[in-house]
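Read through the structure below, which is laid out as structure tokens, and then see the notes.
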Amino acid sequence: MMEKPVLSPIERQRVHQAIAAAEARTSGEIFCVLARRSDDYFFPAAFMLATGILITGVLAAVALERLWIDIGLAALALSQATAFTAALAVIWLFPALRLHLVPRGLRYRRAHDNAVKQFLAHNVHRTEGRTGVLVFLSLAERYGEIVADAGIANKVAQKNWDDAVAQLTACAAEARIADGFVDAVEQAADLLAHHFPKGADNPNELDDHLVEL
């Protein structure tokens, strides 16, 4: 079953209009992507569960041995296998739990990888002057990023995008996703207009819309 869109048609239109207004000021191109999540995290979560169950089993075996209680190697292995199977069933049936089992660093790496993937998939890197910018937000990971093509990166340092990214994620945390994208697009436009002002010939090389994944 298809998931319900995160943004309403009115909110999407606001973002579309913000992109069109921004690109009217610059020769740069802006594209927006909103992802619900950047990975299903089943295997990383399963690995963390297996590790936790193994360590817990060993600690329990040591404690029982000190109490002179012998459960036997076979019983220990069976109990761990049963616990792992039950844990796998839980994270399979309740996918939202997986994210809580995965380290933040891994979640951010997966979200960053997805941002780069979307940058390439939507041909943001194919603009004539290499002046494409991707505004990316992955909700499950609470991760935002602005990916700039080579023509922009040579003139605008990544740290200059930090305020826009911070505003994007802050708005998302308050369930004001459209506001976050509009603000990020406007801040990106300010930087692009300074370094890449609108020229006499200013073709629209990328669609002025937001893609939901």
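Letters A, B, ... go to the chains of the structure tokens in the order shown; residues in each chain start at 1; ligands are counted from 1 in the same order.
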Would you mind listing what lies within 10 Å of segment 37-53 of chain A as number ranges by chain, with only C-alpha atoms counted and same-chain residues fewer than 5 positions away left out? A: 58-59, 79-81, 83-85, 87-88, 91-92, 95-103, 106-115, 137-143, 213
Keeping only C-alpha atoms, write those residues as an mmCIF file, in the first residue's frame.
data_model
loop_
_atom_site.group_PDB
_atom_site.id
_atom_site.type_symbol
_atom_site.label_atom_id
_atom_site.label_comp_id
_atom_site.auth_asym_id
_atom_site.auth_seq_id
_atom_site.Cartn_x
_atom_site.Cartn_y
_atom_site.Cartn_z
ATOM 1 C CA VAL A 58 27.580 -14.929 28.222
ATOM 2 C CA LEU A 59 27.118 -12.680 31.271
ATOM 3 C CA SER A 79 17.796 -19.841 24.785
ATOM 4 C CA GLN A 80 19.902 -17.391 22.785
ATOM 5 C CA ALA A 81 18.544 -18.664 19.472
ATOM 6 C CA ALA A 83 15.593 -14.844 22.052
ATOM 7 C CA PHE A 84 17.175 -13.795 18.746
ATOM 8 C CA THR A 85 14.320 -15.270 16.710
ATOM 9 C CA ALA A 87 13.695 -10.209 18.578
ATOM 10 C CA LEU A 88 13.852 -10.531 14.783
ATOM 11 C CA ILE A 91 11.644 -5.661 14.490
ATOM 12 C CA TRP A 92 10.117 -7.250 11.385
ATOM 13 C CA PRO A 95 9.899 -1.393 11.689
ATOM 14 C CA ALA A 96 9.853 1.853 13.682
ATOM 15 C CA LEU A 97 11.790 0.093 16.465
ATOM 16 C CA ARG A 98 14.779 -0.566 14.203
ATOM 17 C CA LEU A 99 15.934 3.023 14.159
ATOM 18 C CA HIS A 100 16.332 3.043 17.951
ATOM 19 C CA LEU A 101 18.763 0.122 17.748
ATOM 20 C CA VAL A 102 21.083 1.730 15.206
ATOM 21 C CA PRO A 103 23.871 4.162 16.223
ATOM 22 C CA LEU A 106 25.313 4.962 10.991
ATOM 23 C CA ARG A 107 21.934 6.646 10.529
ATOM 24 C CA TYR A 108 23.638 9.848 9.400
ATOM 25 C CA ARG A 109 25.935 7.969 7.016
ATOM 26 C CA ARG A 110 22.979 6.221 5.404
ATOM 27 C CA ALA A 111 21.116 9.518 5.089
ATOM 28 C CA HIS A 112 24.182 11.218 3.593
ATOM 29 C CA ASP A 113 24.592 8.368 1.117
ATOM 30 C CA ASN A 114 20.957 8.779 0.144
ATOM 31 C CA ALA A 115 21.441 12.525 -0.368
ATOM 32 C CA LEU A 137 15.781 16.059 4.281
ATOM 33 C CA SER A 138 15.397 12.531 5.678
ATOM 34 C CA LEU A 139 12.728 12.509 8.373
ATOM 35 C CA ALA A 140 13.399 9.250 10.232
ATOM 36 C CA GLU A 141 17.058 10.136 10.746
ATOM 37 C CA ARG A 142 16.312 13.829 11.438
ATOM 38 C CA TYR A 143 19.007 14.589 8.932
ATOM 39 C CA LEU A 213 10.418 9.336 -1.357
#
If you count only C-alpha atoms, which residues fall within 9 Å of segment 172-177 of chain A, apart from same-chain ones fewer than 2 positions away, as number ranges by chain? A: 6-7, 11, 137, 139, 142, 167-170, 179-182
Looking at only C-alpha atoms, which of A:Ala86, A:Cys32, A:Ala153, A:Ala60 is the one that sits closest to Ile19 of chain A? A:Cys32
Can you work out which one of A:Phe196, A:Phe136, A:Phe119, A:Phe31 has the shortest atom-to-atom distance to Ile152 of chain A, counting only C-alpha atoms?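 Among the listed residues, the smallest separation from Ile152 of chain A belongs to A:Phe196.
What separates atom CA of Gln187 of chain A from atom CA of Gly129 of chain A is a distance of 20.1 Å.
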Let's see if you can do this: from backbone DSSP, list all alpha helix (DSSP H) residues in segment 29-185 of chain A, as a ChimeraX atom specification. /A:42-66,73-93,98-101,104-121,150-153,162-173,177-185
List every residue of segment 24-186 of chain A that DSSP, applied to the backbone, labels as strand (DSSP E), and write the result as a list in words.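 DSSP on the backbone gives strand (DSSP E) at Glu29, Ile30, Phe31, Cys32, Val33, Leu34, Ala35, Gly132, Val133, Leu134, Val135, Phe136, Leu137, Ser138, Tyr143, Gly144, Glu145, Ile146, Val147 and Ala148 of chain A.
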If you keep N, CA and C atoms, can you produce a file of those selected residues as a PDB file, in the first residue's frame?
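After the write, result.pdb holds the following:
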ATOM      1  N   GLU A  29      20.603  26.258 -10.030  1.00  0.00           N
ATOM      2  CA  GLU A  29      19.405  25.428 -10.049  1.00  0.00           C
ATOM      3  C   GLU A  29      19.229  24.765  -8.691  1.00  0.00           C
ATOM      4  N   ILE A  30      17.997  24.746  -8.186  1.00  0.00           N
ATOM      5  CA  ILE A  30      17.704  24.188  -6.866  1.00  0.00           C
ATOM      6  C   ILE A  30      16.689  23.059  -7.008  1.00  0.00           C
ATOM      7  N   PHE A  31      16.986  21.945  -6.360  1.00  0.00           N
ATOM      8  CA  PHE A  31      16.087  20.783  -6.393  1.00  0.00           C
ATOM      9  C   PHE A  31      15.917  20.285  -4.957  1.00  0.00           C
ATOM     10  N   CYS A  32      14.697  19.900  -4.597  1.00  0.00           N
ATOM     11  CA  CYS A  32      14.414  19.479  -3.223  1.00  0.00           C
ATOM     12  C   CYS A  32      13.947  18.026  -3.170  1.00  0.00           C
ATOM     13  N   VAL A  33      14.428  17.299  -2.175  1.00  0.00           N
ATOM     14  CA  VAL A  33      14.019  15.904  -1.967  1.00  0.00           C
ATOM     15  C   VAL A  33      13.677  15.709  -0.494  1.00  0.00           C
ATOM     16  N   LEU A  34      12.523  15.119  -0.243  1.00  0.00           N
ATOM     17  CA  LEU A  34      12.090  14.764   1.104  1.00  0.00           C
ATOM     18  C   LEU A  34      11.962  13.253   1.182  1.00  0.00           C
ATOM     19  N   ALA A  35      12.751  12.629   2.054  1.00  0.00           N
ATOM     20  CA  ALA A  35      12.702  11.167   2.235  1.00  0.00           C
ATOM     21  C   ALA A  35      12.095  10.851   3.599  1.00  0.00           C
ATOM     22  N   GLY A 132      24.139  23.232  -9.768  1.00  0.00           N
ATOM     23  CA  GLY A 132      22.960  22.634  -9.155  1.00  0.00           C
ATOM     24  C   GLY A 132      23.130  22.462  -7.650  1.00  0.00           C
ATOM     25  N   VAL A 133      22.017  22.616  -6.935  1.00  0.00           N
ATOM     26  CA  VAL A 133      22.013  22.463  -5.475  1.00  0.00           C
ATOM     27  C   VAL A 133      20.845  21.550  -5.092  1.00  0.00           C
ATOM     28  N   LEU A 134      21.131  20.563  -4.259  1.00  0.00           N
ATOM     29  CA  LEU A 134      20.090  19.686  -3.739  1.00  0.00           C
ATOM     30  C   LEU A 134      19.827  20.028  -2.275  1.00  0.00           C
ATOM     31  N   VAL A 135      18.573  20.306  -1.948  1.00  0.00           N
ATOM     32  CA  VAL A 135      18.155  20.482  -0.557  1.00  0.00           C
ATOM     33  C   VAL A 135      17.480  19.177  -0.143  1.00  0.00           C
ATOM     34  N   PHE A 136      18.083  18.472   0.808  1.00  0.00           N
ATOM     35  CA  PHE A 136      17.663  17.110   1.152  1.00  0.00           C
ATOM     36  C   PHE A 136      17.300  17.018   2.626  1.00  0.00           C
ATOM     37  N   LEU A 137      16.200  16.312   2.899  1.00  0.00           N
ATOM     38  CA  LEU A 137      15.781  16.059   4.281  1.00  0.00           C
ATOM     39  C   LEU A 137      15.305  14.623   4.396  1.00  0.00           C
ATOM     40  N   SER A 138      15.842  13.896   5.393  1.00  0.00           N
ATOM     41  CA  SER A 138      15.397  12.531   5.678  1.00  0.00           C
ATOM     42  C   SER A 138      14.772  12.527   7.073  1.00  0.00           C
ATOM     43  N   TYR A 143      17.764  14.197   9.600  1.00  0.00           N
ATOM     44  CA  TYR A 143      19.007  14.589   8.932  1.00  0.00           C
ATOM     45  C   TYR A 143      18.700  15.474   7.733  1.00  0.00           C
ATOM     46  N   GLY A 144      19.376  16.591   7.655  1.00  0.00           N
ATOM     47  CA  GLY A 144      19.261  17.474   6.508  1.00  0.00           C
ATOM     48  C   GLY A 144      20.632  17.740   5.915  1.00  0.00           C
ATOM     49  N   GLU A 145      20.647  18.018   4.626  1.00  0.00           N
ATOM     50  CA  GLU A 145      21.922  18.302   3.961  1.00  0.00           C
ATOM     51  C   GLU A 145      21.647  19.112   2.700  1.00  0.00           C
ATOM     52  N   ILE A 146      22.579  19.986   2.373  1.00  0.00           N
ATOM     53  CA  ILE A 146      22.554  20.679   1.097  1.00  0.00           C
ATOM     54  C   ILE A 146      23.789  20.240   0.327  1.00  0.00           C
ATOM     55  N   VAL A 147      23.556  19.615  -0.816  1.00  0.00           N
ATOM     56  CA  VAL A 147      24.649  19.119  -1.656  1.00  0.00           C
ATOM     57  C   VAL A 147      24.785  20.058  -2.843  1.00  0.00           C
ATOM     58  N   ALA A 148      25.958  20.654  -2.975  1.00  0.00           N
ATOM     59  CA  ALA A 148      26.213  21.608  -4.056  1.00  0.00           C
ATOM     60  C   ALA A 148      27.158  21.000  -5.084  1.00  0.00           C
TER      61      ALA A 148
END
Residue among A:Asp207, A:Asp162, A:Glu3, A:Glu128 lying closest to Ala188 of chain A, counting only C-alpha atoms: A:Asp162
Would you compute the distance between atom CA of Arg130 of chain A and atom CA of Asp149 of chain A? Give it in Å to one decimal.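 Result for atom CA of Arg130 of chain A versus atom CA of Asp149 of chain A: 5.6 Å, one decimal.
With atom CA of Leu191 of chain A on one side and atom CA of Ala22 of chain A on the other, the separation reads 10.4 Å.
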